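Q: Got a structure for you, written out below as C-alpha cells; questions coming shortly.
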Amino acid sequence: MAATRGEPDVLVVGGGLAGLACARDLVDVGLDVKVLEASDEVGGRMRTDRHEGFVVDRGFQVFNTAYPQVRRRLPLRELRLRPFTPGVLVHTEDGPMRFSDPTRRSRTPHMPPRTRALRDLRPGRLAGTRDLLALGALSARDMLAPARLLKRERGEDRTTRTALAAAGFSEEFVERFFRPFLSGVFLEDELETSARVFHLVWRSMLRGTLSLPGEGIGAVPRALAAALPRATVRLGTPVARLTDDGVELATGAELPARAVVVATGPGPAADLLPGLDVPAYRVVTTYYHAAARSPLPEPTLLTDTRRRFLNSCVLSEVVPSYAPARMSLIATSVLGEDTQGREREVRTALADAYGTDTGDWDLLTVRTVPDALPVMAPPQPLSRTARVAPGRYVCGDHRATGSVQGALASGTRAAREVARDLGR
C-alpha cells in the first residue's frame, strides 16, 4: 500500500543515533521518512550543554573511531576529533602506574613517546611477565581475527572475568588493571559482562582511537541529522501512543504512516510497545569540577584500584575549548545515583588519586544518566530483530550491544527490515 499524498511512509519515534541511522537508510531507498523527537535537540543520551562557559557532555563520553558504522556514516574530519592518550593512569596502593599502548605513536605533544610506553609495560610494574604474554596473545587475537569469529566465541558465552582467567591473566593484574578500567567501560565492577561483548570492545579499542569531537559529543548526532533531507526531523514533538494507522502526538494530533519505528530509550520504548522485552540498565553519575589548575597536564584517563570512582579525566586537556581560558574541567564518574555526601567522598578520593588539593575545586554540575548502558550478562545476543508486529519496529542500543556501534547497527537493521516489508 502506498502512502497517501502528503503522508510519510515511515515515522521514526526518537532522534537518537539509532533513529537517525534508520531514517538515513530508509531515505536512501526512496522512502519518505519523518523523525519525531520529543526534546529540543537530536542525540538522545549523546547531548552536549553549555554551562557557565564550559562544554558539558551529558555524562562522560568517549568516541571510538574504529566502529564500522562510525566509519561508514560520519565525516570524522569535520568532527575535529581530539585523542585521549593511548593508555590509562592507574592509581594503586603503591602510587600511580601508567599502562600505555606501545604500538601507538604519539600524535600530540602531551602523549608519552613509544619508548616510555615500553618502559611502562616492563615486567615488575603494573604487569608481570605472565600477564604481558597473556595480554599480547589476547590483543593479537582480538585485533587480527575476523569480527565474526569473536562474535561466536568458543563454546558458550561466559563472563569477562571467567574469560580473563582462562586467558592466563593473574588475579592481581585483573584487579589492578582490567577491573577498574572495564568498570568504566561497562558500568559494572564485577566483570560480569558477556565475554563476547568484551572481545568486540577490546578489538575496537585496539584498532581505533578514543577521542572527543571539538564541539562536544553532541556533534555526532548533529552530523547524522545534517545528512538527512531538510525538515525530516521534527523537534519538540513527543509521541503519546501508537495507533492502528500511525501515532498520536502528545497534542492529540494523529499522524498516519505505513510503518512506525520506535527508536527511543528503553523506558519510552516499553511504554509505546507494551510487552516489549527490554533489559535492565546501568546508572552512572558524572561530577564536573572546575579548577584553576589542571591536576594532570595530559589527556589521560585515570582509574582507581580501590574503585572509589569509575574514572576521571581532565577534559580540557583533551579538548581545550571544553573550558574557558586559564580554567580546567575535570569529569569524574561513579556507579549509581548522586546521593547526599557522595560528591564530598569523590572529591576526597580525587585529591588522593591526583595528588593535589581539591578543596578549591568548584562543583560545576552533576549529570546522572539512569539508562546509560544495558546490562549485558551472558548469554548476550549481539543483535535482535527489529520487527515486533506488522508495521511496528524497534531499534536502539537495548536491541544490540550498548555502544555507538550497537545503536547505529540496530538502526541499520531496522531500516533493512522496514524496507523489505515495504517492498524496497
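Identifiers in the C-alpha cells: chain A, B, ... in order shown; residue index from 1 per chain; ligand index from 1 in order shown.
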Please extract the residues of stretch 189-330 of chain A with a backbone DSSP assignment of helix (DSSP H, G or I) and present them as number ranges by chain.
A: A: 195-207, 219-226, 266-272, 315-318, 320-322
Q: Could you please write out, as an MDAnalysis selection string, every residue of stretch 140-371 of chain A that DSSP assigns to strand (DSSP E)?
A: chainID A and resid 210:212 233:234 239:242 246:249 254:256 259:262 281:291 301:304 311:314 328:335 362:371
Q: With a distance cut-off of 7 Å and only C-alpha atoms, select the neighbouring residues of stretch 178-191 of chain A, excluding the residue or stretch itself and same-chain residues fewer than 5 positions from it, and output the selection as a list in words.
A: Thr159, Thr160, Arg161, Arg282, Thr303, Asp304, Thr305, Arg307, Leu310, Asn311 and Leu335 of chain A
Q: Go through A:Gly391, A:Gly128, A:Gly218, A:Gly19 and flag the residue nearest A:Val62, using only C-alpha atoms for the distances.
A: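 Smallest separation from A:Val62 among the options: A:Gly218.
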Q: A:Glu215, A:Thr92, A:Ala18, A:Ser39: which is nearest A:Arg80, counting only C-alpha atoms?
A: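 Closest to A:Arg80 of all the choices is A:Glu215.
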Q: Just the residues within 12 Å of A:Pro268, please, counting only C-alpha atoms, with nothing from its chain fewer than 3 positions along; format it as an MDAnalysis selection string.
A: chainID A and resid 13:14 38 44 238:242 262:265 271:274 276 278 371 394 396 398
Q: What's the 12 Å shell around A:Asp94, counting only C-alpha atoms, without same-chain residues fewer than 3 positions away, as a count of residues only?
A: 10
Q: Residues at most 6 Å from stretch 21-36 of chain A, counting only C-alpha atoms, excluding those fewer than 2 positions away in the same chain, as an mmCIF file with C-alpha atoms, in the first residue's frame?
A:
```cif
data_model
loop_
_atom_site.group_PDB
_atom_site.id
_atom_site.type_symbol
_atom_site.label_atom_id
_atom_site.label_comp_id
_atom_site.auth_asym_id
_atom_site.auth_seq_id
_atom_site.Cartn_x
_atom_site.Cartn_y
_atom_site.Cartn_z
ATOM 1 C CA PRO A 8 5.203 9.842 5.211
ATOM 2 C CA ASP A 9 5.895 6.194 4.514
ATOM 3 C CA VAL A 10 7.662 5.760 7.850
ATOM 4 C CA LEU A 11 7.592 7.559 11.192
ATOM 5 C CA VAL A 12 10.685 7.159 13.358
ATOM 6 C CA VAL A 13 9.971 7.964 17.008
ATOM 7 C CA GLY A 14 13.187 9.221 18.582
ATOM 8 C CA ALA A 18 19.614 4.500 16.149
ATOM 9 C CA GLY A 19 16.670 6.547 14.878
ATOM 10 C CA THR A 232 12.987 15.273 8.082
ATOM 11 C CA VAL A 233 13.472 15.800 11.823
ATOM 12 C CA ARG A 234 10.703 17.409 13.885
ATOM 13 C CA THR A 237 7.257 16.505 19.043
ATOM 14 C CA LEU A 408 23.846 2.535 14.767
ATOM 15 C CA GLY A 411 19.069 1.345 13.342
ATOM 16 C CA THR A 412 20.587 -0.186 10.231
ATOM 17 C CA ALA A 415 15.760 0.097 8.216
#
```
